[in-house]
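Undergrad: query.cif is the file, holding mmCIF, C-alpha atoms:
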data_model
loop_
_atom_site.label_atom_id
_atom_site.label_comp_id
_atom_site.auth_asym_id
_atom_site.auth_seq_id
_atom_site.Cartn_x
_atom_site.Cartn_y
_atom_site.Cartn_z
CA MET A 284 -42.53 11.25 8.20
CA GLY A 285 -42.13 14.88 7.27
CA TYR A 286 -43.97 16.50 10.16
CA PRO A 287 -43.80 19.30 11.26
CA TYR A 288 -43.05 20.45 7.69
CA GLY A 289 -45.93 20.83 5.25
CA ASN A 290 -49.42 19.36 5.45
CA SER A 291 -48.99 15.62 5.01
CA GLU A 292 -49.23 14.57 8.66
CA VAL A 293 -50.72 17.61 10.35
CA THR A 294 -54.14 15.95 10.59
CA PHE A 295 -52.65 12.99 12.44
CA LEU A 296 -49.96 14.49 14.65
CA HIS A 297 -50.65 18.10 15.44
CA GLU A 298 -53.39 17.59 18.01
CA GLU A 299 -51.44 14.81 19.69
CA VAL A 300 -48.35 17.01 20.05
CA LYS A 301 -50.45 19.76 21.60
CA VAL A 302 -51.56 17.30 24.30
CA LEU A 303 -48.17 15.64 24.85
CA LYS A 304 -46.52 19.01 25.51
CA ASP A 305 -48.47 19.28 28.79
CA TYR A 306 -47.05 15.97 30.06
CA PHE A 307 -43.39 16.28 29.09
CA ASN A 308 -40.95 19.10 29.75
CA ARG A 309 -39.25 18.73 26.41
CA ILE A 310 -40.31 17.19 23.11
CA ILE A 311 -37.90 16.77 20.21
CA ILE A 312 -39.17 15.99 16.70
CA ILE A 313 -36.79 14.43 14.16
CA PRO A 314 -38.50 14.36 10.73
CA LEU A 315 -37.11 11.60 8.52
CA ASN A 316 -38.18 13.13 5.22
CA PRO A 317 -38.63 16.87 5.75
CA ASP A 318 -39.57 19.03 2.81
CA SER A 319 -37.68 22.24 3.52
CA THR A 320 -39.63 24.00 0.77
CA GLN A 321 -42.76 23.67 2.92
CA LYS A 322 -43.57 25.87 5.87
CA ILE A 323 -42.96 24.48 9.34
CA ASN A 324 -46.14 24.28 11.39
CA GLU A 325 -46.36 26.34 14.56
CA LEU A 326 -45.28 24.28 17.56
CA PRO A 327 -45.65 24.70 21.34
CA ASN A 328 -42.75 26.39 23.15
CA ASN A 329 -41.36 23.17 24.62
CA VAL A 330 -41.30 21.38 21.25
CA GLU A 331 -38.16 21.62 19.10
CA VAL A 332 -37.09 20.20 15.76
CA LEU A 333 -33.75 18.52 15.07
CA ASN A 334 -33.04 17.86 11.39
CA LEU A 335 -30.84 15.06 10.13
CA SER A 336 -27.64 16.48 8.67
CA ARG A 337 -27.22 13.81 5.98
CA ASN A 338 -23.49 14.29 6.50
CA LYS A 339 -21.36 12.17 4.17
CA LYS A 340 -19.44 10.74 7.11
CA TYR A 341 -22.47 8.63 8.04
CA TYR A 342 -22.54 7.08 4.58
CA LYS A 343 -19.00 5.74 4.67
CA ARG A 344 -19.30 1.97 4.76
CA GLY A 345 -16.54 -0.31 5.90
CA LEU A 346 -16.24 -4.08 5.83
CA GLY A 347 -17.56 -4.16 9.39
CA ASP A 348 -20.83 -2.54 8.29
CA TYR A 349 -21.41 -5.16 5.59
CA ILE A 350 -20.68 -7.97 8.02
CA TYR A 351 -23.01 -6.40 10.59
CA VAL A 352 -25.98 -6.05 8.21
CA MET A 353 -25.50 -9.66 7.09
CA ARG A 354 -25.73 -10.70 10.74
CA LEU A 355 -28.86 -8.56 11.10
CA PHE A 356 -30.40 -10.24 8.06
CA ILE A 357 -29.76 -13.70 9.49
CA MET A 358 -31.19 -12.57 12.83
CA GLU A 359 -34.29 -11.27 11.03
CA LEU A 360 -34.88 -14.62 9.32
CA ARG A 361 -34.66 -16.36 12.69
CA LEU A 362 -36.85 -13.89 14.56
CA SER A 363 -39.57 -13.59 11.91
CA LYS A 364 -39.46 -17.33 11.09
CA ASN A 365 -39.82 -16.29 7.48
CA LEU A 366 -37.41 -17.30 4.70
CA ALA A 367 -39.16 -15.29 1.97
CA PRO A 368 -36.72 -12.33 2.31
CA LEU A 369 -33.99 -14.59 0.90
CA LYS A 370 -35.59 -14.07 -2.51
CA HIS A 371 -34.78 -10.37 -2.20
CA LEU A 372 -31.46 -10.66 -0.39
CA ARG A 373 -29.60 -7.80 -2.10
CA TYR A 374 -32.55 -5.43 -1.76
CA HIS A 375 -32.96 -6.11 1.96
CA LEU A 376 -29.23 -5.85 2.67
CA SER A 377 -29.33 -2.45 0.99
CA GLU A 378 -32.31 -1.52 3.17
CA LEU A 379 -30.46 -2.56 6.32
CA LEU A 380 -27.49 -0.42 5.30
CA VAL A 381 -29.84 2.57 4.98
CA PHE A 382 -31.33 1.84 8.40
CA LEU A 383 -27.82 1.53 9.85
CA VAL A 384 -26.85 4.94 8.48
CA LEU A 385 -30.02 6.43 9.93
CA ALA A 386 -29.34 4.75 13.28
CA LYS A 387 -25.83 6.25 13.37
CA GLU A 388 -27.11 9.75 12.69
CA VAL A 389 -30.03 9.56 15.12
CA ASN A 390 -27.63 8.26 17.75
CA GLU A 391 -25.48 11.35 17.29
CA LEU A 392 -28.54 13.61 17.55
CA ILE A 393 -29.53 11.85 20.78
CA LYS A 394 -26.09 12.54 22.21
CA GLN A 395 -26.29 16.19 21.19
CA ALA A 396 -29.75 16.51 22.73
CA VAL A 397 -28.46 14.96 25.98
CA ILE A 398 -31.08 12.22 26.12
CA ASN A 399 -31.39 10.57 29.54
CA GLU A 400 -32.11 6.87 29.08
CA GLU A 401 -33.73 6.65 32.51
CA LYS A 402 -36.23 9.47 31.92
CA ASP A 403 -36.63 9.89 28.18
CA LEU A 404 -38.61 7.92 25.62
CA LEU A 405 -38.11 7.59 21.85
CA TYR A 406 -41.33 7.35 19.86
CA THR A 407 -41.91 6.59 16.18
CA TYR A 408 -45.32 7.54 14.84
CA TRP A 409 -45.23 4.85 12.13
CA PHE A 410 -44.02 1.29 12.68
CA ASP A 411 -41.75 1.39 9.64
CA GLU A 412 -38.22 2.57 8.76
CA GLY A 413 -37.94 4.85 11.77
CA SER A 414 -38.60 1.85 14.00
CA SER A 415 -36.07 -0.21 12.02
CA ALA A 416 -33.42 2.46 12.61
CA LEU A 417 -34.22 2.64 16.34
CA ALA A 418 -34.08 -1.15 16.60
CA ILE A 419 -30.56 -1.09 15.15
CA LEU A 420 -29.65 1.88 17.34
CA LYS A 421 -30.80 0.01 20.44
CA GLY A 422 -29.15 -3.25 19.44
CA LYS A 423 -25.80 -1.79 18.36
CA TYR A 424 -25.24 1.55 20.08
CA ASN A 425 -27.36 1.96 23.19
CA LYS A 426 -29.25 -0.92 24.77
CA ARG A 427 -30.57 1.34 27.53
CA ILE A 428 -32.86 3.46 25.38
CA LYS A 429 -36.62 2.94 25.57
CA PHE A 430 -38.56 3.17 22.34
CA ILE A 431 -42.19 2.71 21.38
CA SER A 432 -44.15 3.01 18.17
CA ARG A 433 -47.66 3.57 16.93
CA ALA A 434 -48.91 1.19 14.24
CA HIS A 435 -51.71 2.06 11.82
CA GLY A 436 -52.55 0.04 8.71
CA PHE A 437 -49.87 -0.35 6.05
CA ASP A 438 -47.33 -0.81 8.86
CA VAL A 439 -49.44 -3.55 10.51
CA TYR A 440 -50.95 -5.76 7.82
CA ALA A 441 -48.36 -7.74 5.87
CA GLU A 442 -50.88 -8.44 3.11
CA ARG A 443 -50.76 -4.77 2.12
CA ASN A 444 -47.10 -5.16 1.17
CA LYS A 445 -46.42 -6.39 -2.37
CA LYS A 446 -43.95 -8.96 -1.04
CA GLY A 447 -46.48 -10.32 1.46
CA TYR A 448 -44.37 -9.50 4.52
CA ILE A 449 -42.98 -6.48 6.36
CA PHE A 450 -39.19 -6.28 6.65
CA PRO A 451 -37.52 -6.31 9.17
CA ARG A 452 -40.51 -6.99 11.43
CA GLY A 453 -38.65 -9.47 13.63
CA LEU A 454 -35.89 -6.99 14.46
CA GLN A 455 -38.39 -4.20 15.12
CA LEU A 456 -40.32 -6.37 17.57
CA LYS A 457 -37.21 -7.66 19.33
CA PHE A 458 -36.10 -4.17 20.36
CA VAL A 459 -39.31 -2.11 20.58
CA ASP A 460 -40.72 -1.77 24.12
CA ARG A 461 -44.39 -1.22 23.18
CA VAL A 462 -46.41 -1.11 19.96
CA TYR A 463 -49.57 1.00 20.15
CA THR A 464 -52.01 -0.08 17.47
CA ILE A 465 -54.76 2.36 16.55
CA SER A 466 -57.35 -0.44 16.43
CA GLU A 467 -58.21 -3.59 18.33
CA ASP A 468 -58.10 -5.40 14.99
CA GLY A 469 -54.47 -4.34 14.51
CA LYS A 470 -53.57 -5.49 18.01
CA LYS A 471 -55.27 -8.86 17.45
CA TYR A 472 -53.55 -9.27 14.08
CA LEU A 473 -50.05 -8.68 15.50
CA ALA A 474 -50.73 -10.90 18.51
CA GLN A 475 -51.77 -13.75 16.21
CA LYS A 476 -48.73 -13.29 13.98
CA PHE A 477 -46.27 -12.85 16.85
CA PRO A 478 -47.74 -14.52 19.96
CA GLU A 479 -44.39 -14.52 21.75
CA GLN A 480 -44.47 -10.69 21.67
CA LYS A 481 -48.16 -10.22 22.44
CA GLU A 482 -47.49 -8.44 25.75
CA LYS A 483 -45.94 -5.58 23.79
CA PHE A 484 -49.14 -4.82 21.84
CA VAL A 485 -51.58 -2.23 23.21
CA CYS A 486 -54.54 -0.58 21.48
CA SER A 487 -54.44 3.21 21.72
CA ARG A 488 -57.00 4.94 19.54
CA LEU A 489 -56.40 8.15 17.67
CA GLY A 490 -58.88 11.00 17.87
CA THR A 491 -59.99 14.21 16.23
CA LYS A 492 -60.93 17.64 17.48
CA VAL A 493 -63.97 19.73 16.61
CA GLU A 494 -63.27 23.45 16.30
CA VAL A 495 -66.69 24.50 14.96
CA HIS A 496 -69.60 22.39 16.08
CA SER A 497 -72.16 21.15 13.62
CA ASN A 498 -75.52 22.87 13.37
CA MET A 499 -77.85 19.90 13.59
CA GLU A 500 -80.75 22.01 12.32
CA LYS A 501 -79.01 23.11 9.11
CA LYS A 502 -81.18 23.04 6.04
CA ILE A 503 -81.41 19.79 4.08
CA ASN A 504 -80.76 20.10 0.36
CA GLN A 505 -84.25 19.84 -1.08
CA GLY A 506 -84.56 17.08 -3.66
CA LYS A 507 -80.85 16.22 -3.72
CA LEU A 508 -78.64 14.02 -1.55
CA THR A 509 -75.10 15.04 -0.65
CA LEU A 510 -72.51 12.27 -0.58
CA VAL A 511 -68.93 12.96 0.58
CA SER A 512 -65.75 10.93 0.33
CA CYS A 513 -62.29 11.92 1.52
CA SER A 514 -59.14 9.99 0.64
CA SER A 515 -56.18 9.81 -1.67
CA ILE A 516 -57.14 8.69 -5.17
CA ILE A 517 -54.91 5.62 -5.26
CA PRO A 518 -55.54 1.90 -5.92
CA LEU A 519 -55.90 0.98 -2.23
CA LYS A 520 -58.78 3.45 -1.74
CA ARG A 521 -60.79 2.14 -4.74
CA VAL A 522 -62.57 5.49 -5.23
CA ARG A 523 -63.55 4.33 -8.71
CA LYS A 524 -65.98 1.87 -7.09
CA ILE A 525 -68.10 4.77 -5.82
CA ILE A 526 -68.97 5.42 -9.47
CA ASP A 527 -70.08 1.79 -9.78
CA ILE A 528 -72.46 2.40 -6.86
CA LEU A 529 -73.83 5.75 -7.99
CA LYS A 530 -74.72 4.40 -11.44
CA PHE A 531 -77.55 2.49 -9.72
CA CYS A 532 -78.85 5.37 -7.59
CA LYS A 533 -82.30 6.67 -8.46
CA GLN A 534 -82.14 9.84 -6.36
CA SER A 535 -80.41 13.04 -7.45
CA ILE A 536 -77.00 13.13 -5.80
CA ASN A 537 -74.19 15.62 -5.44
CA TRP A 538 -70.99 13.65 -4.80
CA ILE A 539 -68.08 15.64 -3.38
CA HIS A 540 -64.63 14.11 -3.11
CA PHE A 541 -61.79 15.64 -1.09
CA GLY A 542 -58.34 14.36 -2.02
CA ASP A 543 -55.96 13.86 -4.89
CA GLY A 544 -53.75 11.11 -6.22
CA SER A 545 -52.27 9.10 -9.06
CA LEU A 546 -55.63 7.79 -10.33
CA LYS A 547 -57.35 11.17 -10.56
CA ASN A 548 -57.37 11.29 -14.36
CA GLU A 549 -58.76 7.76 -14.53
CA LEU A 550 -61.48 8.77 -12.06
CA VAL A 551 -62.39 11.79 -14.18
CA SER A 552 -62.66 9.60 -17.28
CA SER A 553 -64.76 7.00 -15.47
CA SER A 554 -67.12 9.65 -14.12
CA ALA A 555 -68.54 10.02 -17.63
CA ALA A 556 -70.52 6.87 -16.84
CA LEU A 557 -72.45 8.63 -14.07
CA PRO A 558 -76.13 9.27 -14.83
CA SER A 559 -77.22 12.87 -15.43
CA HIS A 560 -78.87 13.16 -12.00
CA VAL A 561 -75.51 12.49 -10.27
CA THR A 562 -72.90 15.25 -10.21
CA LEU A 563 -69.27 14.95 -9.10
CA GLN A 564 -67.15 17.69 -7.56
CA LEU A 565 -63.47 16.81 -7.26
CA ARG A 566 -62.12 19.28 -4.71
CA GLY A 567 -58.54 17.96 -4.78
CA HIS A 568 -56.24 18.58 -1.80
CA VAL A 569 -58.06 20.75 0.72
CA GLU A 570 -56.74 21.93 4.09
CA ASN A 571 -58.13 19.92 6.97
CA ASP A 572 -59.69 22.95 8.67
CA GLU A 573 -61.55 23.77 5.48
CA ILE A 574 -62.96 20.24 5.24
CA LYS A 575 -64.18 20.36 8.84
CA GLU A 576 -65.74 23.76 8.23
CA PHE A 577 -67.60 22.26 5.25
CA TYR A 578 -68.89 19.43 7.47
CA ALA A 579 -70.07 21.91 10.08
CA GLU A 580 -71.91 24.19 7.66
CA ASN A 581 -73.51 21.73 5.25
CA HIS A 582 -76.02 18.92 5.50
CA ILE A 583 -74.32 15.72 4.34
CA ASP A 584 -76.45 12.62 3.88
CA TRP A 585 -73.60 10.10 3.72
CA PHE A 586 -69.85 9.81 4.06
CA ILE A 587 -68.63 6.85 2.01
CA ASN A 588 -65.40 4.85 2.15
CA VAL A 589 -64.76 1.84 -0.10
CA SER A 590 -61.11 1.06 0.71
CA GLN A 591 -59.66 -2.40 0.28
CA SER A 592 -57.84 -2.16 3.62
CA GLU A 593 -57.74 0.33 6.51
CA GLY A 594 -56.64 0.76 10.09
CA ILE A 595 -59.24 3.19 11.40
CA PRO A 596 -59.42 6.15 9.02
CA VAL A 597 -59.09 9.60 10.57
CA SER A 598 -61.41 10.77 7.78
CA ILE A 599 -64.21 8.65 9.30
CA MET A 600 -63.42 9.93 12.81
CA GLU A 601 -63.81 13.47 11.51
CA ALA A 602 -67.06 12.72 9.70
CA ILE A 603 -68.76 11.17 12.75
CA SER A 604 -67.64 14.09 14.91
CA TYR A 605 -70.11 16.14 12.85
CA GLY A 606 -72.89 13.56 13.02
CA ILE A 607 -72.45 12.36 9.45
CA PRO A 608 -73.55 8.72 8.90
CA ILE A 609 -71.00 6.39 7.31
CA ILE A 610 -71.08 3.68 4.66
CA ALA A 611 -67.85 1.67 4.70
CA PRO A 612 -66.57 -1.89 4.21
CA ALA A 613 -65.90 -4.31 7.07
CA VAL A 614 -62.11 -4.35 6.62
CA GLY A 615 -59.33 -3.78 9.16
CA GLY A 616 -60.48 -1.69 12.09
CA ILE A 617 -63.48 -0.11 10.33
CA PRO A 618 -66.08 -2.30 12.17
CA GLU A 619 -64.86 -0.67 15.41
CA ILE A 620 -66.05 2.75 14.25
CA VAL A 621 -68.88 1.95 11.83
CA ASN A 622 -71.78 0.21 13.53
CA ALA A 623 -75.55 0.40 13.94
CA THR A 624 -75.16 3.80 15.63
CA THR A 625 -72.78 5.45 13.19
CA GLY A 626 -73.80 4.02 9.84
CA ILE A 627 -73.84 0.89 7.72
CA LEU A 628 -71.13 -1.73 7.22
CA ILE A 629 -70.89 -3.31 3.79
CA SER A 630 -68.78 -6.28 2.72
CA GLU A 631 -65.30 -5.81 1.24
CA GLU A 632 -66.55 -7.07 -2.13
CA PHE A 633 -69.91 -5.34 -1.94
CA ASN A 634 -72.73 -5.39 -4.46
CA PRO A 635 -72.88 -1.84 -5.93
CA GLU A 636 -76.62 -2.02 -6.58
CA GLU A 637 -77.35 -3.00 -2.97
CA VAL A 638 -75.26 -0.10 -1.66
CA ALA A 639 -77.03 2.27 -4.05
CA ASN A 640 -80.36 1.09 -2.62
CA LEU A 641 -79.12 1.98 0.90
CA ILE A 642 -78.09 5.46 -0.21
CA ASP A 643 -81.45 6.02 -1.88
CA ASN A 644 -83.68 4.73 0.90
CA VAL A 645 -81.98 5.02 4.30
CA SER A 646 -81.76 8.32 6.16
CA PHE A 647 -80.71 9.42 9.64
CA THR A 648 -82.80 11.69 11.83
CA THR A 649 -81.44 14.63 13.81
CA GLU A 650 -81.64 12.49 16.96
CA GLN A 651 -79.67 9.70 15.31
CA ARG A 652 -77.01 12.15 14.17
CA ALA A 653 -76.70 13.39 17.73
CA GLN A 654 -76.08 9.79 18.79
CA ILE A 655 -73.28 9.57 16.19
CA ILE A 656 -71.61 12.59 17.77
CA GLU A 657 -72.02 11.06 21.22
CA PHE A 658 -70.31 7.87 19.98
CA TRP A 659 -67.42 9.99 18.68
CA GLN A 660 -67.13 11.84 22.00
CA LEU A 661 -66.91 8.54 23.90
CA ASN A 662 -64.49 6.79 21.57
CA TYR A 663 -62.61 9.10 19.19
CA SER A 664 -62.24 12.48 20.85
CA ALA A 665 -58.63 13.70 20.57
CA GLN A 666 -58.81 15.39 23.95
CA THR A 667 -59.79 12.15 25.67
CA ASN A 668 -57.67 9.64 23.76
CA PHE A 669 -54.46 11.66 23.60
CA ASN A 670 -54.58 12.47 27.32
CA VAL A 671 -54.95 8.76 28.12
CA PHE A 672 -52.04 8.02 25.77
CA ALA A 673 -49.85 10.72 27.32
CA LYS A 674 -50.45 9.35 30.82
CA GLU A 675 -49.60 5.88 29.54
CA LEU A 676 -46.28 7.15 28.17
CA GLN A 677 -45.48 8.84 31.45
CA SER A 678 -45.97 5.61 33.36
CA LEU A 679 -44.06 3.67 30.74
CA VAL A 680 -40.88 5.65 31.29
CA SER A 681 -40.53 4.41 34.86
CA ASN A 682 -42.01 0.94 34.41
CA ILE A 683 -40.05 -0.47 31.47
CA SER A 684 -37.02 -2.45 32.58
CA VAL A 685 -33.96 -2.02 30.39
#
Translate this structure into structure tokens?
TA:
Amino acid sequence: MGYPYGNSEVTFLHEEVKVLKDYFNRIIIIPLNPDSTQKINELPNNVEVLNLSRNKKYYKRGLGDYIYVMRLFIMELRLSKNLAPLKHLRYHLSELLVFLVLAKEVNELIKQAVINEEKDLLYTYWFDEGSSALAILKGKYNKRIKFISRAHGFDVYAERNKKGYIFPRGLQLKFVDRVYTISEDGKKYLAQKFPEQKEKFVCSRLGTKVEVHSNMEKKINQGKLTLVSCSSIIPLKRVRKIIDILKFCKQSINWIHFGDGSLKNELVSSSAALPSHVTLQLRGHVENDEIKEFYAENHIDWFINVSQSEGIPVSIMEAISYGIPIIAPAVGGIPEIVNATTGILISEEFNPEEVANLIDNVSFTTEQRAQIIEFWQLNYSAQTNFNVFAKELQSLVSNISV
């Protein structure tokens, strides 16, 4: 939500933007939460950035605004067929007021940018507050706009929300023209939850790009396995469970973790339980290019993910692009990328000792690693997937009826 400022979404968006710029004459990026203290990433010539002004005039609320958001709330209850939001009425009304303010400001930016409803498309990368604002914008200010959204994991699966639902999902789905899930599992989930909207759901996979290709003949670390993980250190990712696994490993292992987060100190404390033949390197936040360079230059026996829920992790896409075998749980869209070719699926509530036995005793040959790369090329190459997506968006502009 801050791209193109800083590093938070560069991994996800940068390669896609570089493909989209060849299909559209003009691309405008409106970051919702830009960090102006961070550098802005270099963009193609036909890509521009419009920042929200946060002008006080947009925050002036009259009686009409309060009446309108109450009507929206009632509409949401009807559309979602879910009365649970009534328990959090004040909170959700406050949310809708925020979305209304954002809709007003984005509407003004659209006017300034001279958006042509017949030829232009609005696109939110996450199916969250940006989509809520565009839904209000379309419903209140400009019914002729076309807008689509990608949907990943937290913005798909209601169970990942503490309240057990995503608000205001009904309004989002009423006004969005297409929702592009990054996994077939996400598409199936939404279609089951909202069968009346199932025609709007399309699977469009993400992809990664390889700058430096892996040397498949690189030297194996004699007498020591290398295990890599890459994620935020937060409850959802359950990185602590990797320690539970490695306590049972008999082989000498060097575990390297890329990523930082709120549970880092707890992870450091827990790592004291690791046996002496297992070492842990916490690399913290590392630039994406540096991680990929590490994958290209080093022999890595396993990439491990133990998350409680996922869409399809870009971190796994990147690992298989270098022929690294994966161990990951069968949650969300992970079974679409981890299979008999690319690694080993484990259950969500896996047995740590059984996983340790796999790490100790299963290995992939050079030929098998080449097959992993081939699977990535066929299914998760950025060049392939983003070009298909761009062509889809081009056709969408003329085919959606408004």
Undergrad: For the contact check between region 578-649 of chain A and region 665-684 of chain A, emit one row per residue of region 578-649 of chain A within 12 Å, containing the shortest atom pair and the distance in Å rounded to one decimal, counting all atoms listed in the file, chain then rising number order, as a tab-separated table.
TA:
residue	atom	partner	partner_atom	distance
A:Val597	CA	A:Ala665	CA	10.8
A:Met600	CA	A:Ala665	CA	9.9
A:Glu601	CA	A:Ala665	CA	10.4
A:Ser604	CA	A:Ala665	CA	10.6
Undergrad: For region 344-403 of chain A against region 411-433 of chain A, with a cut-off of 10 Å and counting all atoms listed in the file, what is the closest atom pair and its distance in Å to one decimal for every residue that makes the cut, ordered by chain and number, as a tab-separated table?
TA:
residue	atom	partner	partner_atom	distance
A:Tyr351	CA	A:Lys423	CA	9.5
A:Val352	CA	A:Ile419	CA	9.7
A:Leu355	CA	A:Ile419	CA	8.7
A:Glu378	CA	A:Glu412	CA	9.1
A:Leu379	CA	A:Ser415	CA	8.3
A:Leu380	CA	A:Ala416	CA	9.8
A:Val381	CA	A:Ala416	CA	8.4
A:Phe382	CA	A:Ala416	CA	4.7
A:Leu383	CA	A:Ala416	CA	6.3
A:Val384	CA	A:Ala416	CA	8.1
A:Leu385	CA	A:Ala416	CA	5.9
A:Ala386	CA	A:Ala416	CA	4.7
A:Lys387	CA	A:Leu420	CA	7.0
A:Glu388	CA	A:Leu420	CA	9.5
A:Val389	CA	A:Leu420	CA	8.0
A:Asn390	CA	A:Leu420	CA	6.7
A:Ile398	CA	A:Ile428	CA	9.0
A:Asn399	CA	A:Ile428	CA	8.4
A:Glu400	CA	A:Ile428	CA	5.1
A:Glu401	CA	A:Ile428	CA	7.9
A:Lys402	CA	A:Lys429	CA	9.1
A:Asp403	CA	A:Lys429	CA	7.4
Undergrad: Decode the PyMOL selection byres ((chain A and resi 619) around 8) for the given file into explicit residues and return them as a PyMOL selection string.
TA: chain A and resi 466-467+595+616-618+620-622
Undergrad: List, as a PyMOL selection string, every residue that the PyMOL selection byres ((chain A and resi 574) around 12) selects in the file provided.
TA: chain A and resi 294+493-495+511-514+539-542+566-573+575-581+598+601-602+605
Undergrad: What does the structure give for the distance between CA of Val462 (chain A) and CA of Ser664 (chain A), in Å to one decimal?
TA: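 One can read the CA of Val462 (chain A) to CA of Ser664 (chain A) distance as 20.9 Å.
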Undergrad: Within 7 Å of Ile311 (chain A), counting only C-alpha atoms, which residues show up once you throw out same-chain ones fewer than 5 positions away? Write them as a short mmCIF file (atom, residue, chain, number, x, y, z; two decimals) with C-alpha atoms, keeping the file's coordinate frame, please.
TA:
data_model
loop_
_atom_site.label_atom_id
_atom_site.label_comp_id
_atom_site.auth_asym_id
_atom_site.auth_seq_id
_atom_site.Cartn_x
_atom_site.Cartn_y
_atom_site.Cartn_z
CA VAL A 330 -41.30 21.38 21.25
CA GLU A 331 -38.16 21.62 19.10
CA VAL A 332 -37.09 20.20 15.76
CA LEU A 333 -33.75 18.52 15.07
#
Undergrad: Within 9 Å of (-36.1, -7.3, 10.6), in the coordinates the file gives, what residues turn up when you count all atoms listed in the file, written out as an NGL selection string?
TA: :A and (355-356 or 358-360 or 362-363 or 379 or 415 or 418 or 449-457)
Undergrad: Just want the 10 Å neighbourhood of Asn588 (chain A), counted on only C-alpha atoms, with same-chain residues fewer than 3 positions away dropped. Output as a CSV table (one decimal) with C-alpha atoms, keeping the file's coordinate frame.
TA:
chain,number,residue,atom,x,y,z
A,511,VAL,CA,-68.9,13.0,0.6
A,512,SER,CA,-65.8,10.9,0.3
A,513,CYS,CA,-62.3,11.9,1.5
A,514,SER,CA,-59.1,10.0,0.6
A,520,LYS,CA,-58.8,3.4,-1.7
A,521,ARG,CA,-60.8,2.1,-4.7
A,522,VAL,CA,-62.6,5.5,-5.2
A,524,LYS,CA,-66.0,1.9,-7.1
A,525,ILE,CA,-68.1,4.8,-5.8
A,585,TRP,CA,-73.6,10.1,3.7
A,591,GLN,CA,-59.7,-2.4,0.3
A,593,GLU,CA,-57.7,0.3,6.5
A,596,PRO,CA,-59.4,6.2,9.0
A,598,SER,CA,-61.4,10.8,7.8
A,599,ILE,CA,-64.2,8.6,9.3
A,609,ILE,CA,-71.0,6.4,7.3
A,610,ILE,CA,-71.1,3.7,4.7
A,611,ALA,CA,-67.8,1.7,4.7
A,612,PRO,CA,-66.6,-1.9,4.2
A,617,ILE,CA,-63.5,-0.1,10.3
A,629,ILE,CA,-70.9,-3.3,3.8
Undergrad: Translate the PyMOL selection byres ((chain A and resi 319) around 12), as applied to the file shown, into an explicit residue set as an mmCIF file with C-alpha atoms, in the frame of the given file.
TA:
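Resulting contents of expr23.cif:
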data_model
loop_
_atom_site.group_PDB
_atom_site.id
_atom_site.type_symbol
_atom_site.label_atom_id
_atom_site.label_comp_id
_atom_site.auth_asym_id
_atom_site.auth_seq_id
_atom_site.Cartn_x
_atom_site.Cartn_y
_atom_site.Cartn_z
ATOM 1 C CA GLY A 285 -42.130 14.880 7.270
ATOM 2 C CA TYR A 286 -43.970 16.500 10.160
ATOM 3 C CA PRO A 287 -43.800 19.300 11.260
ATOM 4 C CA TYR A 288 -43.050 20.450 7.690
ATOM 5 C CA GLY A 289 -45.930 20.830 5.250
ATOM 6 C CA PRO A 314 -38.500 14.360 10.730
ATOM 7 C CA LEU A 315 -37.110 11.600 8.520
ATOM 8 C CA ASN A 316 -38.180 13.130 5.220
ATOM 9 C CA PRO A 317 -38.630 16.870 5.750
ATOM 10 C CA ASP A 318 -39.570 19.030 2.810
ATOM 11 C CA THR A 320 -39.630 24.000 0.770
ATOM 12 C CA GLN A 321 -42.760 23.670 2.920
ATOM 13 C CA LYS A 322 -43.570 25.870 5.870
ATOM 14 C CA ILE A 323 -42.960 24.480 9.340
ATOM 15 C CA ASN A 324 -46.140 24.280 11.390
ATOM 16 C CA ASN A 334 -33.040 17.860 11.390
ATOM 17 C CA LEU A 335 -30.840 15.060 10.130
#
Undergrad: Around region 635-646 of chain A, fit a box with edges along x, y and z, padding it by 4 Å on each side, then list its centre and edge lengths in Å to one decimal as lines of an AutoDock Vina configuration file.
TA:
center_x = -78.3
center_y = 2.7
center_z = -0.2
size_x = 18.8
size_y = 19.3
size_z = 20.7
